[in-house]
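All remarks here apply to the structure that follows.
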Amino acid sequence: MQFVDPHLRRHLFGWKSPRLGLHMPIVRYGHWGPAILLFPTAGGDFLEAERMFFIKAIEPALFAGKLQVFSIDSINPYAWTSKLPIPHKARNTALYSGCVEEEVVPYIRNILNNPRARIGAMGASYGSFFAANAFFRRPDLFDTLVGMSGFYDLEAGGELEGFFNNDVYFNNPTSFVPNLPEGETMNLLRHHSQIHLLSSVGQWERPHFTHQFSDVLSRRGIPHNKDIWGHDMPHDWTTWRAQVRHYVGERLGL
């Protein structure tokens, strides 16, 4: 079965991450336009979105050169979906953030031939947590966030069991965003970024996580779009395909 049009530009690459000690595969879809880094769900891999026809949903924009999508593996098999001790999970999450910032983004910037490019971050379910973490940690690297059916607090998600250290704090948006210092970081978030938090009230959805994080952003004066879809939109790829079509087609200006 072909999950994407065979004529779509698709390039596989990867390297051994010195930070993670793991192979970091990456796939690029498209040939031109602004870049979006896509984070998988839960323990998904870099080709998950392709297999779930998520890439197919935005093929017209990819063919038209309106954007290009880069997708990587999740760290979760070595973090929050693993049986490792919680401090190890937190440490691997911190190392993953370093890999994204110091390895993945430079790779994408090199593809774009722009060493200062800010890129988008996108994810659904657990992927939205990692997308938001990347975006809010480094708004100098990321200019757009699209989080679908996500949560933004490891404690609220039941992952920490009371554990807390710097690895958690600096990789848990609900922890560090309230304390971001005024200055260039907040200026970028308030005036030079797009933030879209999507959820629904359909089956298996937990929109209260989106409401809670929206409140965090509002208290810091960070503009954002909170978009809650209907009862007919479950926590599933059918919803996320519809949402990405809508946002790429109408909301992101692509």
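As shown in the structure tokens, the chain order sets the letters A, B, ...; within each chain, residues go from 1, and ligands are also counted from 1 in the order they appear.
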
Report task. Name all residues at most 7 Å from A:Ile75 (count only C-alpha atoms; drop same-chain ones fewer than 3 positions away) and give them as JSON, numbers by chain. Result -> {"A": [78, 79, 93, 96]}

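Residues surrounding A:Ser149 within 9 Å are Gly123, Ala124, Ser125, Tyr126, Ser128, Gly147, Phe151, Leu197, Leu198, Ser199, Ser200, Glu205, Arg206, Pro207, Phe209, Thr210, His235, Asp236 and Trp240 of chain A [only C-alpha atoms; sequence separation below 2 positions excluded].
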
Output file for the residues above (N, CA and C atoms, as a CSV table (one decimal), in the first residue's frame):
```csv
chain,number,residue,atom,x,y,z
A,123,GLY,N,2.2,18.5,16.6
A,123,GLY,CA,2.0,17.1,17.1
A,123,GLY,C,0.6,16.9,17.6
A,124,ALA,N,0.2,15.6,17.7
A,124,ALA,CA,-1.1,15.2,18.2
A,124,ALA,C,-0.9,14.3,19.4
A,125,SER,N,-1.8,14.4,20.3
A,125,SER,CA,-1.8,13.6,21.5
A,125,SER,C,-0.4,13.8,22.3
A,126,TYR,N,0.3,12.8,22.5
A,126,TYR,CA,1.6,13.0,23.2
A,126,TYR,C,2.6,13.8,22.4
A,128,SER,N,1.9,16.5,20.9
A,128,SER,CA,1.6,17.9,21.1
A,128,SER,C,2.4,18.3,22.4
A,147,GLY,N,-0.8,22.2,18.4
A,147,GLY,CA,-0.9,21.1,19.3
A,147,GLY,C,-2.4,20.6,19.2
A,151,PHE,N,-1.8,17.3,26.0
A,151,PHE,CA,-1.6,17.7,27.4
A,151,PHE,C,-0.3,18.4,27.5
A,197,LEU,N,-3.9,25.8,19.9
A,197,LEU,CA,-4.2,24.6,20.8
A,197,LEU,C,-5.5,24.1,20.4
A,198,LEU,N,-5.5,22.8,19.9
A,198,LEU,CA,-6.8,22.2,19.4
A,198,LEU,C,-7.1,21.0,20.3
A,199,SER,N,-8.4,20.9,20.4
A,199,SER,CA,-8.9,19.7,21.1
A,199,SER,C,-10.4,19.5,20.6
A,200,SER,N,-11.1,18.6,21.2
A,200,SER,CA,-12.5,18.4,20.9
A,200,SER,C,-13.2,17.8,22.1
A,205,GLU,N,-11.3,12.2,24.3
A,205,GLU,CA,-10.7,13.4,24.4
A,205,GLU,C,-10.6,14.0,25.8
A,206,ARG,N,-9.6,14.8,26.1
A,206,ARG,CA,-9.5,15.4,27.4
A,206,ARG,C,-9.3,16.9,27.2
A,207,PRO,N,-10.3,17.6,26.8
A,207,PRO,CA,-10.2,19.1,26.5
A,207,PRO,C,-9.8,19.9,27.7
A,209,PHE,N,-7.3,19.6,29.5
A,209,PHE,CA,-5.8,19.9,29.5
A,209,PHE,C,-5.6,21.1,28.6
A,210,THR,N,-6.3,21.2,27.5
A,210,THR,CA,-6.1,22.4,26.6
A,210,THR,C,-6.6,23.6,27.3
A,235,HIS,N,-10.6,11.3,19.8
A,235,HIS,CA,-9.1,11.3,20.0
A,235,HIS,C,-8.5,10.3,19.1
A,236,ASP,N,-8.4,10.7,17.8
A,236,ASP,CA,-8.0,9.7,16.8
A,236,ASP,C,-7.5,10.4,15.5
A,240,TRP,N,-7.4,14.3,13.7
A,240,TRP,CA,-6.2,15.1,13.4
A,240,TRP,C,-5.9,15.3,11.9
```

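Omitting A:Ala35 and its sequence neighbours fewer than 5 positions away, and counting only C-alpha atoms, the residues within 9 Å are Leu67, Gln68, Val69, Phe70, Ile108, Arg109, Leu112, Ala117, Arg118, Ile119, Gly120 and Ala121 of chain A.
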
For those residues, write C-alpha atoms to a file as a short mmCIF file (atom, residue, chain, number, x, y, z; two decimals), in the first residue's frame.
```cif
data_model
loop_
_atom_site.label_atom_id
_atom_site.label_comp_id
_atom_site.auth_asym_id
_atom_site.auth_seq_id
_atom_site.Cartn_x
_atom_site.Cartn_y
_atom_site.Cartn_z
CA LEU A 67 5.34 24.03 3.31
CA GLN A 68 7.57 21.06 3.97
CA VAL A 69 7.26 18.63 6.86
CA PHE A 70 10.06 16.92 8.77
CA ILE A 108 16.52 21.51 8.94
CA ARG A 109 18.05 24.98 8.76
CA LEU A 112 16.40 25.49 4.15
CA ALA A 117 15.13 30.15 10.17
CA ARG A 118 12.43 29.64 12.77
CA ILE A 119 10.31 26.59 12.06
CA GLY A 120 6.96 25.19 13.11
CA ALA A 121 6.32 22.48 15.71
#
```

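Using only C-alpha atoms, the shortest contact distance between A:Lys226 and any of A:Thr81, A:Thr41, A:Gln194, A:Thr238 is found at A:Gln194.
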
Report task. Identify all residues of stretch 123-188 of chain A in helix (DSSP H, G or I) (DSSP on the backbone) and supply them as a VMD selection string. Result -> chain A and resid 126 to 137 166 to 169 173 to 179 184 to 188

How would the residues just picked look written out with N, CA and C atoms as a PDB file, in the first residue's frame?
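After the write, part_31.pdb holds the following:
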```pdb
ATOM      1  N   TYR A 126       0.331  12.751  22.519  1.00  0.00           N
ATOM      2  CA  TYR A 126       1.618  12.954  23.195  1.00  0.00           C
ATOM      3  C   TYR A 126       2.559  13.814  22.362  1.00  0.00           C
ATOM      4  N   GLY A 127       2.409  13.764  21.043  1.00  0.00           N
ATOM      5  CA  GLY A 127       3.238  14.596  20.183  1.00  0.00           C
ATOM      6  C   GLY A 127       3.043  16.077  20.435  1.00  0.00           C
ATOM      7  N   SER A 128       1.856  16.471  20.867  1.00  0.00           N
ATOM      8  CA  SER A 128       1.620  17.890  21.131  1.00  0.00           C
ATOM      9  C   SER A 128       2.391  18.339  22.370  1.00  0.00           C
ATOM     10  N   PHE A 129       2.574  17.433  23.336  1.00  0.00           N
ATOM     11  CA  PHE A 129       3.398  17.774  24.500  1.00  0.00           C
ATOM     12  C   PHE A 129       4.826  18.088  24.062  1.00  0.00           C
ATOM     13  N   PHE A 130       5.409  17.214  23.253  1.00  0.00           N
ATOM     14  CA  PHE A 130       6.784  17.427  22.817  1.00  0.00           C
ATOM     15  C   PHE A 130       6.905  18.621  21.875  1.00  0.00           C
ATOM     16  N   ALA A 131       5.899  18.847  21.039  1.00  0.00           N
ATOM     17  CA  ALA A 131       5.921  20.023  20.165  1.00  0.00           C
ATOM     18  C   ALA A 131       5.885  21.298  20.997  1.00  0.00           C
ATOM     19  N   ALA A 132       4.994  21.330  22.004  1.00  0.00           N
ATOM     20  CA  ALA A 132       4.896  22.520  22.855  1.00  0.00           C
ATOM     21  C   ALA A 132       6.163  22.714  23.668  1.00  0.00           C
ATOM     22  N   ASN A 133       6.740  21.627  24.145  1.00  0.00           N
ATOM     23  CA  ASN A 133       7.971  21.740  24.918  1.00  0.00           C
ATOM     24  C   ASN A 133       9.081  22.356  24.069  1.00  0.00           C
ATOM     25  N   ALA A 134       9.226  21.875  22.833  1.00  0.00           N
ATOM     26  CA  ALA A 134      10.243  22.432  21.934  1.00  0.00           C
ATOM     27  C   ALA A 134       9.975  23.903  21.654  1.00  0.00           C
ATOM     28  N   PHE A 135       8.733  24.219  21.365  1.00  0.00           N
ATOM     29  CA  PHE A 135       8.355  25.586  20.988  1.00  0.00           C
ATOM     30  C   PHE A 135       8.610  26.569  22.126  1.00  0.00           C
ATOM     31  N   PHE A 136       8.157  26.258  23.329  1.00  0.00           N
ATOM     32  CA  PHE A 136       8.274  27.221  24.421  1.00  0.00           C
ATOM     33  C   PHE A 136       9.686  27.260  25.014  1.00  0.00           C
ATOM     34  N   ARG A 137      10.433  26.168  24.900  1.00  0.00           N
ATOM     35  CA  ARG A 137      11.825  26.216  25.343  1.00  0.00           C
ATOM     36  C   ARG A 137      12.647  27.158  24.472  1.00  0.00           C
ATOM     37  N   ASN A 166      15.188  19.337  37.913  1.00  0.00           N
ATOM     38  CA  ASN A 166      15.396  20.298  36.827  1.00  0.00           C
ATOM     39  C   ASN A 166      15.089  19.702  35.459  1.00  0.00           C
ATOM     40  N   ASP A 167      15.356  18.415  35.271  1.00  0.00           N
ATOM     41  CA  ASP A 167      15.020  17.783  34.001  1.00  0.00           C
ATOM     42  C   ASP A 167      13.517  17.853  33.743  1.00  0.00           C
ATOM     43  N   VAL A 168      12.733  17.683  34.804  1.00  0.00           N
ATOM     44  CA  VAL A 168      11.284  17.814  34.661  1.00  0.00           C
ATOM     45  C   VAL A 168      10.909  19.271  34.440  1.00  0.00           C
ATOM     46  N   TYR A 169      11.382  20.135  35.313  1.00  0.00           N
ATOM     47  CA  TYR A 169      10.981  21.547  35.257  1.00  0.00           C
ATOM     48  C   TYR A 169      11.212  22.155  33.875  1.00  0.00           C
ATOM     49  N   PRO A 173       6.070  22.191  29.962  1.00  0.00           N
ATOM     50  CA  PRO A 173       5.643  23.572  29.698  1.00  0.00           C
ATOM     51  C   PRO A 173       4.855  24.224  30.829  1.00  0.00           C
ATOM     52  N   THR A 174       3.991  23.467  31.490  1.00  0.00           N
ATOM     53  CA  THR A 174       3.190  24.067  32.553  1.00  0.00           C
ATOM     54  C   THR A 174       4.058  24.490  33.733  1.00  0.00           C
ATOM     55  N   SER A 175       5.255  23.901  33.860  1.00  0.00           N
ATOM     56  CA  SER A 175       6.162  24.292  34.935  1.00  0.00           C
ATOM     57  C   SER A 175       6.927  25.560  34.594  1.00  0.00           C
ATOM     58  N   PHE A 176       7.556  25.590  33.403  1.00  0.00           N
ATOM     59  CA  PHE A 176       8.481  26.697  33.146  1.00  0.00           C
ATOM     60  C   PHE A 176       7.864  27.894  32.450  1.00  0.00           C
ATOM     61  N   VAL A 177       6.770  27.719  31.707  1.00  0.00           N
ATOM     62  CA  VAL A 177       6.191  28.867  30.994  1.00  0.00           C
ATOM     63  C   VAL A 177       5.748  29.970  31.953  1.00  0.00           C
ATOM     64  N   PRO A 178       5.132  29.656  33.103  1.00  0.00           N
ATOM     65  CA  PRO A 178       4.739  30.747  34.008  1.00  0.00           C
ATOM     66  C   PRO A 178       5.904  31.604  34.486  1.00  0.00           C
ATOM     67  N   ASN A 179       7.133  31.070  34.411  1.00  0.00           N
ATOM     68  CA  ASN A 179       8.285  31.783  34.949  1.00  0.00           C
ATOM     69  C   ASN A 179       9.248  32.271  33.876  1.00  0.00           C
ATOM     70  N   GLU A 184      13.506  39.086  25.329  1.00  0.00           N
ATOM     71  CA  GLU A 184      13.380  38.660  23.938  1.00  0.00           C
ATOM     72  C   GLU A 184      12.504  37.421  23.800  1.00  0.00           C
ATOM     73  N   THR A 185      12.615  36.486  24.745  1.00  0.00           N
ATOM     74  CA  THR A 185      11.789  35.283  24.669  1.00  0.00           C
ATOM     75  C   THR A 185      10.310  35.630  24.685  1.00  0.00           C
ATOM     76  N   MET A 186       9.897  36.441  25.636  1.00  0.00           N
ATOM     77  CA  MET A 186       8.485  36.805  25.723  1.00  0.00           C
ATOM     78  C   MET A 186       8.067  37.682  24.548  1.00  0.00           C
ATOM     79  N   ASN A 187       8.960  38.519  24.061  1.00  0.00           N
ATOM     80  CA  ASN A 187       8.647  39.326  22.890  1.00  0.00           C
ATOM     81  C   ASN A 187       8.359  38.441  21.676  1.00  0.00           C
ATOM     82  N   LEU A 188       9.166  37.412  21.483  1.00  0.00           N
ATOM     83  CA  LEU A 188       8.934  36.489  20.380  1.00  0.00           C
ATOM     84  C   LEU A 188       7.595  35.784  20.538  1.00  0.00           C
TER      85      LEU A 188
END
```

Query raised in the report: Skipping near chain neighbours, those fewer than 5 positions away, what residues fall within 8 Å of A:His196 using only C-alpha atoms, listed as a count of residues only?
Result: 7

Query - strand (DSSP E or B) per DSSP on the backbone: members of stretch 50-132 of chain A, as a PyMOL selection string - result: chain A and resi 68-72+119-124

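Interatomic distance, atom CA of A:Val248 to atom CA of A:Pro77: 29.4 Å.
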
Report task. Quick one: everything within 12 Å of A:His31, counting only C-alpha atoms, minus sequence neighbours fewer than 6 positions away in the same chain. Send it as a list in words. Result -> His7, Leu8, Arg9, Arg10, His11, Glu59, Ala61, Leu62, Phe63, Ala64, Gly65, Lys66, Leu67, Gln68, Val69, Phe70, Ile111 and Leu112 of chain A

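Considering the residues A:Asp153, A:Glu50, A:Glu101, A:Asp143 and counting only C-alpha atoms, A:Arg241 has its shortest atom-to-atom contact with A:Glu50.
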
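Each of A:Lys83, A:His23, A:Arg91, A:Lys56 was compared to A:Asn165 using only C-alpha atoms, and A:Arg91 turns out to be the nearest.
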